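What follows is one structure encoded as C-alpha cells, with my remarks underneath.
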Amino acid sequence: MNLEILYEDNHLIAVNKTGSDLVQGDETGDEPLSERVKEYIKEKYKKPGDVYLGVVHRLDRPVTGVVLFARTTKALTRMNKMFQDKEVKKTYWAVVKELPEEEEATLRHFILKDSKKNKSYAFPKMRLGAKEAILSYRHVSSAAKYHLLEVDLQTGRHHQIRCQLAKIGSPIRGDLKYGFDRSNANGGISLHARRISFLHPVKQEPVEIIAPVPKDDNLWKEFANVTQETKKKKQ
C-alpha cells in the first residue's frame, strides 16, 4: 500500500498526501485517502470488522503534505475543538514565480466562495456572505526563478492561501484556477502542507509533524536542499 505514514499512535495517524489524493470521498467516486488509511490500520493491526477513522481536516486535492486523522471518537472531538479554538498551528510552503512586494507580511481579506465554480474571491472590505481570512507569509529562499514562501494560517477558509496569494499578484506555481500561466507536469500545484503542531488531545504532550516535500518534483527538492543549507549555516 502506497502510504507515507508521518505519525501514528492509538489516537491519531498522519499521512503525507500526494497531489492526486482525495482526502474524503466526493462526486468523482475516486477512492479517498481516508479509505486507504482504514485499510492500512485494518491490515497492520489485524482488526476485524469496520475500522473507525475520523477526518480531522482536509487539503485541496492538488495540494500535498500532512493530513491528520483521528483513530478514536475522543481524539476527533478534542481535535475538532482545538481547530475551532485555533490551538492547532498549520504551516505551508508555497512556490511562486512573482515575489510579493514585501519580504514578509500579514494578509487580511474577506473571502467569498463561489460553490458552482469551486473558487473563492478575495476582497479588501467585507461583502455580504464573505468570511474574514488572515494569513502570514515570509520569503524563505529563491531558486530557478521561483520563490519559496512559508505561510502560517490564522483562519481556514476555502482555497485561502491560493486565493490570497493570487490577490497580491503571486499565484502559486501550477495553479491555473488562480491565475498561474501553466500547469505543473504532475497536475498538482506547488502548495505543500509542511508542518502541523498541537498539544496531543489525550496525552497532553506537544506534537509536531513535518511532511517531506514531493519526491517527483525537482524544484521542491532544490528548495528542500536550500533550506537545509540555510539551517546549517545558522547553526
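Ordered as shown in the C-alpha cells, chains take letters A, B, and onward, while each chain numbers its residues from 1 and ligands are numbered from 1 in the order shown.
For Lys125 (chain A), the list of residues within 8 Å, based on only C-alpha atoms and with local chain neighbours fewer than 2 positions off taken out, reads His109, Phe110, Phe123 and Arg127 of chain A.
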Save out the residues we just selected, C-alpha atoms, as a CSV table (one decimal), in the first residue's frame.
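File produced: again38.csv:
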chain,number,residue,atom,x,y,z
A,109,HIS,CA,-9.0,39.8,3.1
A,110,PHE,CA,-12.7,38.9,3.0
A,123,PHE,CA,-11.9,41.4,-1.3
A,127,ARG,CA,-19.0,41.8,1.5
Find the spatial neighbours of Ser170 (chain A), counting only C-alpha atoms, within a cut-off of 9 Å - ignore same-chain residues fewer than 6 positions away - and output them as a PDB file with C-alpha atoms, in the first residue's frame.
ATOM      1  CA  VAL A  96       5.511  31.379  -6.554  1.00  0.00           C
ATOM      2  CA  LYS A  97       7.059  32.977  -9.634  1.00  0.00           C
ATOM      3  CA  GLU A  98       6.254  36.566  -8.700  1.00  0.00           C
ATOM      4  CA  LEU A  99       7.750  37.567  -5.360  1.00  0.00           C
ATOM      5  CA  PRO A 100       5.407  39.709  -3.219  1.00  0.00           C
ATOM      6  CA  GLN A 164      -4.950  35.431  -1.094  1.00  0.00           C
ATOM      7  CA  GLY A 179      -4.032  32.799 -12.467  1.00  0.00           C
ATOM      8  CA  PHE A 180      -0.759  30.912 -12.929  1.00  0.00           C
TER       9      PHE A 180
END
- as a VMD selection string, please: all residues of region 13-229 of chain A that backbone DSSP puts in strand (DSSP E or B). chain A and resid 13 to 17 54 to 55 64 to 70 89 to 96 104 to 114 119 to 123 131 to 143 146 to 153 172 191 to 199 206 to 210
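Distances from A:Leu12, A:Glu87, A:Val51, A:Gly174 to Leu199 (chain A) were compared using only C-alpha atoms, and the smallest one belongs to A:Glu87.
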- With distances taken over only C-alpha atoms, the candidate from A:Leu3, A:Leu153, A:Ile172, A:Ile41 nearest Thr91 (chain A) is A:Leu153
- Nearby residues (only C-alpha atoms) at most 12 Å from Gly187 (chain A), same-chain spacing under 3 positions excluded, as a count of residues only: 18
- Query: Which one of A:Thr28, A:Thr73, A:Asn118, A:Ser34 sits closest to Lys177 (chain A) if you count only C-alpha atoms?
  - Reply: A:Asn118
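In this comparison, which uses only C-alpha atoms, the residue of A:Tyr52, A:Trp93, A:Phe198, A:Phe223 approaching Ser136 (chain A) most closely is A:Trp93.
CA of Leu219 (chain A) is positioned 7.8 Å from CA of Ala143 (chain A).
Around Lys113 (chain A), within 9 Å and counting only C-alpha atoms, the residues found are Lys117, Asn118, Lys119, Ser120, Tyr121, Ala122, Gly129, Ala130, Lys131, Arg157, His158 and His159 of chain A, once anything fewer than 4 positions away on its own chain is removed.
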How about saving the chosen residues, C-alpha atoms kept, as a JSON list (two decimals), in the first residue's frame?
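Saved file part_9.json follows:
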[["chain", "number", "residue", "atom", "x", "y", "z"],
["A", 117, "LYS", "CA", -17.18, 27.33, -9.81],
["A", 118, "ASN", "CA", -15.45, 25.82, -6.75],
["A", 119, "LYS", "CA", -13.47, 29.03, -6.47],
["A", 120, "SER", "CA", -13.02, 31.81, -3.92],
["A", 121, "TYR", "CA", -12.59, 35.54, -4.38],
["A", 122, "ALA", "CA", -10.72, 37.89, -2.03],
["A", 129, "GLY", "CA", -21.64, 36.33, 2.65],
["A", 130, "ALA", "CA", -17.86, 36.74, 2.80],
["A", 131, "LYS", "CA", -15.64, 35.47, 5.65],
["A", 157, "ARG", "CA", -11.16, 29.38, 4.51],
["A", 158, "HIS", "CA", -11.91, 27.72, 1.18],
["A", 159, "HIS", "CA", -8.79, 27.92, -1.06]]
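Among the candidates A:Leu53, A:Ala224, A:Leu165, A:Leu112, the one nearest to Arg138 (chain A) when counting only C-alpha atoms is A:Leu165.
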- Message: DSSP on the backbone, helix (DSSP H, G or I) only: what residues of region 11-228 of chain A does that give? Format it as a count of residues only.
- Response: 46
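Taking only C-alpha atoms into account, Ile209 (chain A) lies nearest to A:Lys90 out of the set A:Arg162, A:His192, A:Lys90, A:Lys116.
Computed from the coordinates, the CA of Tyr137 (chain A) to CA of Pro206 (chain A) distance equals 23.6 Å.
CA of Ala193 (chain A) is found 10.5 Å from CA of Arg58 (chain A).
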- Message: Show me, as a ChimeraX atom specification, the residues that have an atom within 6 Å of Ala211 (chain A) when counting only C-alpha atoms, minus same-chain residues fewer than 6 positions from it.
- Response: /A:16,65-66,194
